[in-house]
Structure formats: C-alpha cells, structure tokens
Amino acid sequence: KLDCEGAEWELLRDVAPWQRVQQLTMEYHLADGQTLAQMRALVERAGFTVQVVMPADTFGLLVARR
C-alpha cells in the first residue's frame, strides 16, 4: 500500500526498489499539470499492469500487479 500524499511521483521514478513488489495499491495525487496518463505510465515503467479503481480530478486510487 502506498499513500504518501503526492510523494508517489518521486518514489516511483526509481524503478529498482519496486522490482520485488508483486502488487501495489496506491492513492495518487495530480497537481501542477500532472495527469492520470502520466501516473499510469510511471507505474507501468516499473513493470506493473495498472487498473484504476477510483479516478477523480485531483486524486484517485489504483491497483497495480505484475
């Protein structure tokens, strides 16, 4: 579970620590022009398949699995 109030962008940029994670449930936050498509691409770059379960304008919930 990842809920870090906007810091998820920085945490997900480094894919190495996420290689041991099989499933991720996370709250994401969109600010400063960030988009859900960008968040999805960042999570997919870490090797996950993404399912958005609660999209909203500025935040939401997604589940990602390998």
# chains A, B, ... in the order shown; residues from 1 in each chain; ligands from 1
>>> residues_around(residues="range 7-24 of chain A", least_positions_apart="2", cutoff="7 Å", atoms="only C-alpha atoms", output="list in words")
Lys1, Cys4, Glu5, Met26, Tyr28, Leu42, Val43, Ala46, Val63, Ala64, Arg65 and Arg66 of chain A
>>> select_by_dssp(residues="chain A", states="strand (DSSP E or B)", output="number ranges by chain")
A: 2, 23-29, 49-54, 59-65
>>> decode(residues="range 23-58 of chain A", atoms="C-alpha atoms", output="compact mmCIF listing (two decimals), in the first residue's frame")
# COMPACT_ATOMS: atom_id res chain seq x y z
CA GLN A 23 1.07 -5.91 -6.06
CA LEU A 24 0.63 -2.25 -5.25
CA THR A 25 -2.49 -0.44 -4.09
CA MET A 26 -1.96 3.27 -4.06
CA GLU A 27 -3.62 6.63 -3.75
CA TYR A 28 -2.26 9.04 -6.34
CA HIS A 29 -2.38 12.83 -6.41
CA LEU A 30 -2.40 15.03 -9.51
CA ALA A 31 -1.00 18.56 -9.24
CA ASP A 32 0.91 21.07 -11.33
CA GLY A 33 -0.47 19.76 -14.62
CA GLN A 34 0.21 16.09 -13.86
CA THR A 35 -2.22 13.65 -15.49
CA LEU A 36 -3.55 10.21 -14.76
CA ALA A 37 -1.97 9.04 -18.03
CA GLN A 38 1.44 10.17 -16.74
CA MET A 39 0.92 8.34 -13.44
CA ARG A 40 -0.16 5.21 -15.26
CA ALA A 41 2.95 5.36 -17.49
CA LEU A 42 5.20 5.81 -14.45
CA VAL A 43 3.74 2.73 -12.73
CA GLU A 44 3.83 0.68 -15.95
CA ARG A 45 7.50 1.65 -16.40
CA ALA A 46 8.14 -0.07 -13.07
CA GLY A 47 6.77 -3.28 -14.63
CA PHE A 48 3.18 -3.26 -13.40
CA THR A 49 -0.17 -3.64 -15.13
CA VAL A 50 -2.43 -0.86 -13.88
CA GLN A 51 -6.12 -0.86 -13.01
CA VAL A 52 -7.57 2.49 -11.94
CA VAL A 53 -10.34 1.75 -9.46
CA MET A 54 -11.31 5.25 -8.35
CA PRO A 55 -10.39 8.06 -10.73
CA ALA A 56 -11.08 11.68 -9.74
CA ASP A 57 -9.94 15.13 -10.80
CA THR A 58 -7.01 15.62 -8.41
